[in-house]
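**Student:** model21.tsv (TSV, C-alpha atoms) pasted underneath:
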```tsv
chain	number	residue	atom	x	y	z
A	1	MET	CA	-14.05	-35.93	-24.04
A	2	ARG	CA	-13.10	-34.59	-27.47
A	3	VAL	CA	-15.78	-31.94	-27.23
A	4	PHE	CA	-15.49	-31.23	-23.52
A	5	LEU	CA	-11.84	-30.11	-23.43
A	6	PRO	CA	-12.11	-27.56	-26.30
A	7	LEU	CA	-15.38	-26.29	-24.80
A	8	VAL	CA	-13.77	-25.69	-21.40
A	9	CYS	CA	-10.73	-23.99	-23.00
A	10	CYS	CA	-13.05	-21.75	-25.04
A	11	LEU	CA	-15.05	-20.88	-21.92
A	12	PHE	CA	-11.91	-19.90	-19.96
A	13	PHE	CA	-10.64	-17.85	-22.90
A	14	CYS	CA	-13.96	-15.97	-23.14
A	15	LEU	CA	-14.06	-15.28	-19.40
A	16	GLU	CA	-10.47	-14.03	-19.39
A	17	SER	CA	-10.94	-11.79	-22.42
A	18	LEU	CA	-14.12	-10.20	-21.02
A	19	SER	CA	-12.82	-9.60	-17.49
A	20	GLN	CA	-12.23	-6.04	-16.32
A	21	GLU	CA	-9.75	-4.76	-13.80
A	22	LYS	CA	-10.34	-1.73	-11.61
A	23	GLN	CA	-7.52	0.60	-10.66
A	24	LEU	CA	-7.10	3.68	-8.55
A	25	ALA	CA	-5.75	6.44	-10.81
A	26	ILE	CA	-3.86	9.31	-9.21
A	27	VAL	CA	-3.60	12.22	-11.67
A	28	ASN	CA	-1.50	15.39	-11.37
A	29	SER	CA	-3.55	18.31	-12.69
A	30	VAL	CA	-0.45	20.40	-13.47
A	31	SER	CA	1.76	17.95	-15.37
A	32	GLY	CA	-0.90	15.43	-16.43
A	33	LYS	CA	1.14	12.56	-14.94
A	34	GLU	CA	-0.95	9.56	-13.99
A	35	ILE	CA	-0.05	6.88	-11.47
A	36	THR	CA	-2.21	3.77	-11.22
A	37	ILE	CA	-2.49	1.39	-8.29
A	38	GLU	CA	-4.14	-1.92	-9.03
A	39	GLU	CA	-6.99	-3.20	-6.91
A	40	SER	CA	-6.03	-5.38	-3.91
A	41	ARG	CA	-2.66	-3.67	-3.46
A	42	ARG	CA	-1.62	-2.34	-0.05
A	43	ILE	CA	-2.07	1.40	0.42
A	44	LYS	CA	-2.10	3.86	3.30
A	45	VAL	CA	-4.85	6.49	3.23
A	46	ILE	CA	-5.02	9.62	5.37
A	47	THR	CA	-8.37	11.42	5.31
A	48	LYS	CA	-9.00	15.15	5.63
A	49	THR	CA	-9.99	14.61	9.26
A	50	GLY	CA	-6.65	12.92	10.04
A	51	GLU	CA	-7.83	9.32	10.23
A	52	LYS	CA	-5.32	6.76	8.91
A	53	PHE	CA	-6.18	3.47	7.24
A	54	ALA	CA	-3.70	0.95	5.86
A	55	GLY	CA	-4.30	-2.31	4.07
A	56	ARG	CA	-5.41	-3.83	0.82
A	57	PHE	CA	-8.02	-1.78	-1.00
A	58	THR	CA	-10.96	-2.81	-3.14
A	59	VAL	CA	-13.12	-0.61	-5.31
A	60	LEU	CA	-16.70	-0.26	-4.10
A	61	ASN	CA	-17.98	2.10	-6.79
A	62	GLN	CA	-16.76	5.08	-8.83
A	63	ASN	CA	-16.70	7.35	-5.75
A	64	SER	CA	-15.44	5.17	-2.91
A	65	ILE	CA	-13.01	2.42	-1.97
A	66	ILE	CA	-12.77	-0.03	0.91
A	67	VAL	CA	-9.55	-0.02	2.94
A	68	ASP	CA	-9.20	-2.34	5.91
A	69	ASP	CA	-12.97	-3.07	5.83
A	70	ILE	CA	-13.80	0.65	6.08
A	71	ILE	CA	-15.52	2.54	3.29
A	72	VAL	CA	-13.63	5.71	2.32
A	73	SER	CA	-14.98	8.23	-0.17
A	74	LEU	CA	-12.48	9.55	-2.72
A	75	GLN	CA	-13.49	13.11	-1.78
A	76	GLU	CA	-12.51	12.49	1.87
A	77	ILE	CA	-8.97	11.34	1.03
A	78	ASP	CA	-6.15	13.81	1.64
A	79	ILE	CA	-3.06	11.61	1.09
A	80	ILE	CA	-2.58	8.21	-0.57
A	81	ARG	CA	0.66	6.24	-0.28
A	82	PRO	CA	1.65	2.81	-1.50
A	83	HIS	CA	2.24	0.74	1.64
A	84	ALA	CA	4.72	-2.07	0.97
A	85	LEU	CA	4.66	-4.53	3.82
A	86	PHE	CA	8.19	-5.79	3.06
A	87	HIS	CA	9.81	-2.39	3.70
A	88	THR	CA	7.96	-1.91	6.97
A	89	ILE	CA	8.91	-5.35	8.26
A	90	MET	CA	12.55	-4.92	7.27
A	91	ILE	CA	12.80	-1.54	9.02
A	92	HIS	CA	11.30	-2.97	12.23
A	93	VAL	CA	13.43	-6.10	12.25
A	94	ASN	CA	16.70	-4.34	11.46
A	95	PHE	CA	16.37	-1.56	14.02
A	96	LEU	CA	15.20	-3.91	16.77
A	97	HIS	CA	17.88	-6.51	16.18
A	98	ILE	CA	20.78	-4.13	15.60
A	99	GLY	CA	19.76	-1.97	18.57
A	100	SER	CA	19.37	-4.87	20.96
A	101	ILE	CA	22.64	-6.49	19.86
A	102	MET	CA	24.58	-3.20	20.16
A	103	PHE	CA	23.02	-2.51	23.56
A	104	LEU	CA	23.86	-5.96	24.92
A	105	VAL	CA	27.40	-5.92	23.49
A	106	GLY	CA	27.94	-2.45	24.94
A	107	LEU	CA	26.80	-3.68	28.35
A	108	ALA	CA	29.00	-6.79	28.14
A	109	VAL	CA	32.10	-4.92	27.04
A	110	GLY	CA	31.40	-1.93	29.22
A	111	THR	CA	31.82	0.82	26.61
A	112	VAL	CA	29.51	3.75	27.20
A	113	PRO	CA	29.23	4.92	23.53
A	114	SER	CA	28.09	1.46	22.39
A	115	VAL	CA	25.44	1.40	25.11
A	116	PHE	CA	24.09	4.82	24.09
A	117	ILE	CA	24.13	4.04	20.36
A	118	GLY	CA	22.49	0.67	20.98
A	119	ALA	CA	19.84	2.25	23.20
A	120	ALA	CA	19.13	4.88	20.50
A	121	ALA	CA	18.81	2.21	17.77
A	122	LEU	CA	16.61	0.08	20.02
A	123	THR	CA	14.40	3.10	20.80
A	124	ALA	CA	14.13	3.86	17.06
A	125	GLY	CA	13.14	0.24	16.43
A	126	ILE	CA	10.45	0.29	19.11
A	127	TYR	CA	9.15	3.62	17.78
A	128	GLY	CA	9.10	2.12	14.27
A	129	VAL	CA	7.08	-0.86	15.45
A	130	VAL	CA	4.53	1.39	17.15
A	131	LYS	CA	4.26	4.12	14.48
A	132	SER	CA	4.90	1.94	11.39
A	133	PRO	CA	6.90	4.31	9.17
A	134	ASN	CA	6.07	4.58	5.46
A	135	ILE	CA	8.93	5.73	3.28
A	136	SER	CA	6.93	5.64	0.06
A	137	LYS	CA	6.04	8.87	-1.72
A	138	GLY	CA	2.65	10.25	-0.77
A	139	TYR	CA	0.25	11.88	-3.22
A	140	LYS	CA	-1.46	14.83	-1.51
A	141	ARG	CA	-4.63	16.43	-2.76
A	142	ALA	CA	-3.13	19.82	-1.85
A	143	GLY	CA	-0.22	19.00	-4.16
A	144	LYS	CA	-2.61	19.12	-7.13
A	145	TRP	CA	-3.24	15.37	-7.22
A	146	SER	CA	-6.75	14.06	-7.87
A	147	TYR	CA	-8.09	10.55	-7.37
A	148	LYS	CA	-10.44	8.56	-9.60
A	149	ILE	CA	-11.42	4.98	-10.34
A	150	LYS	CA	-10.37	3.60	-13.71
A	151	THR	CA	-11.63	0.41	-15.38
A	152	VAL	CA	-9.18	-1.39	-17.64
A	153	GLN	CA	-9.78	-4.35	-19.91
A	154	SER	CA	-7.30	-7.11	-19.16
A	155	PRO	CA	-5.40	-8.36	-22.22
```
What's the structure tokens form of this structure?
**Tutor:**
Amino acid sequence: MRVFLPLVCCLFFCLESLSQEKQLAIVNSVSGKEITIEESRRIKVITKTGEKFAGRFTVLNQNSIIVDDIIVSLQEIDIIRPHALFHTIMIHVNFLHIGSIMFLVGLAVGTVPSVFIGAAALTAGIYGVVKSPNISKGYKRAGKWSYKIKTVQSP
């Protein structure tokens, strides 16, 4: 037992110090600014053909990533956005609940403006559920952003 515990600790230390992390680096060719997104984070990708994929991404190789079980080449990507699930859920829940409450209160009280405002908020909530808005900043290839895979040693 005296030898086993230090051996296991040494093994874990060696594995942790030799592990590598892959990141998606988004680089602005004009200013040189670099934004990195760690592997297994949620992103939304729009390709040059207009296809949209959202979900956690993994790095396949230096030229392609996997988003939502679909292989996407870095050359095919037109826009990349971080896709926080919390923001999307909060937008859906708030618009649906506020809209439905305002609509029902407007019907119960009988005020026409409350009914119209509630119906508009409810419609916005339903549209948000269907279209899934993303309020995060997008990095467009046309905006002089380029995409590459970066390997980083973990500390």
**Student:** Find the spatial neighbours of Ile70 in chain A, counting all atoms listed in the file, within a cut-off of 12 Å - ignore same-chain residues fewer than 5 positions away - and output them as a list in words.
**Tutor:**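 Using all atoms listed in the file, the neighbours found are Val45, Glu51, Lys52, Phe53, Ala54, Gly55, Arg56, Phe57, Thr58, Val59, Leu60, Ser64 and Ile65 of chain A.
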**Student:** So that I have them on file, write out the residues from the current selection with C-alpha atoms, as a tab-separated table (two decimals), in the coordinates of the input.
**Tutor:**
```tsv
chain	number	residue	atom	x	y	z
A	45	VAL	CA	-4.85	6.49	3.23
A	51	GLU	CA	-7.83	9.32	10.23
A	52	LYS	CA	-5.32	6.76	8.91
A	53	PHE	CA	-6.18	3.47	7.24
A	54	ALA	CA	-3.70	0.95	5.86
A	55	GLY	CA	-4.30	-2.31	4.07
A	56	ARG	CA	-5.41	-3.83	0.82
A	57	PHE	CA	-8.02	-1.78	-1.00
A	58	THR	CA	-10.96	-2.81	-3.14
A	59	VAL	CA	-13.12	-0.61	-5.31
A	60	LEU	CA	-16.70	-0.26	-4.10
A	64	SER	CA	-15.44	5.17	-2.91
A	65	ILE	CA	-13.01	2.42	-1.97
```
**Student:** List the residues sitting within 8 Å of (-6.6, 10.5, 4.0) in the file's frame, using all atoms listed in the file, as a list of chain:residue names.
**Tutor:**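 Here is the list of nearby residues: A:Val45, A:Ile46, A:Thr47, A:Lys48, A:Thr49, A:Gly50, A:Glu51, A:Lys52, A:Phe53, A:Glu76, A:Ile77, A:Asp78, A:Ile79, A:Ile80.
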**Student:** Given the point (-5.1, 4.9, -16.0) in the coordinates of this file, which residues lie within 6 Å, counting all atoms listed in the file, and how would they look as a VMD selection string?
**Tutor:** chain A and resid 25 36 150
**Student:** For each of A:Ser146, A:Ala84, A:Asp68, A:Thr123, take the minimum atom-to-atom distance to Phe103 in chain A, counting all atoms listed in the file, then give the residue where this is smallest.
**Tutor:**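 Of all the options, A:Thr123 lies closest to Phe103 in chain A.
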**Student:** Using all atoms listed in the file, which residue out of A:Ile35, A:Ile117, A:Val72, A:Ile126 lies closest to Gln23 in chain A?
**Tutor:**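 Closest to Gln23 in chain A, using all atoms listed in the file: A:Ile35.
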**Student:** Which value, in Å to one decimal, gives the distance between CA of Gly32 in chain A and CA of Lys148 in chain A?
**Tutor:**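 The value is 13.6 Å.
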**Student:** Can you measure CA of Tyr147 in chain A to CA of Leu85 in chain A for me? One decimal in Å is fine.
**Tutor:** 22.7 Å
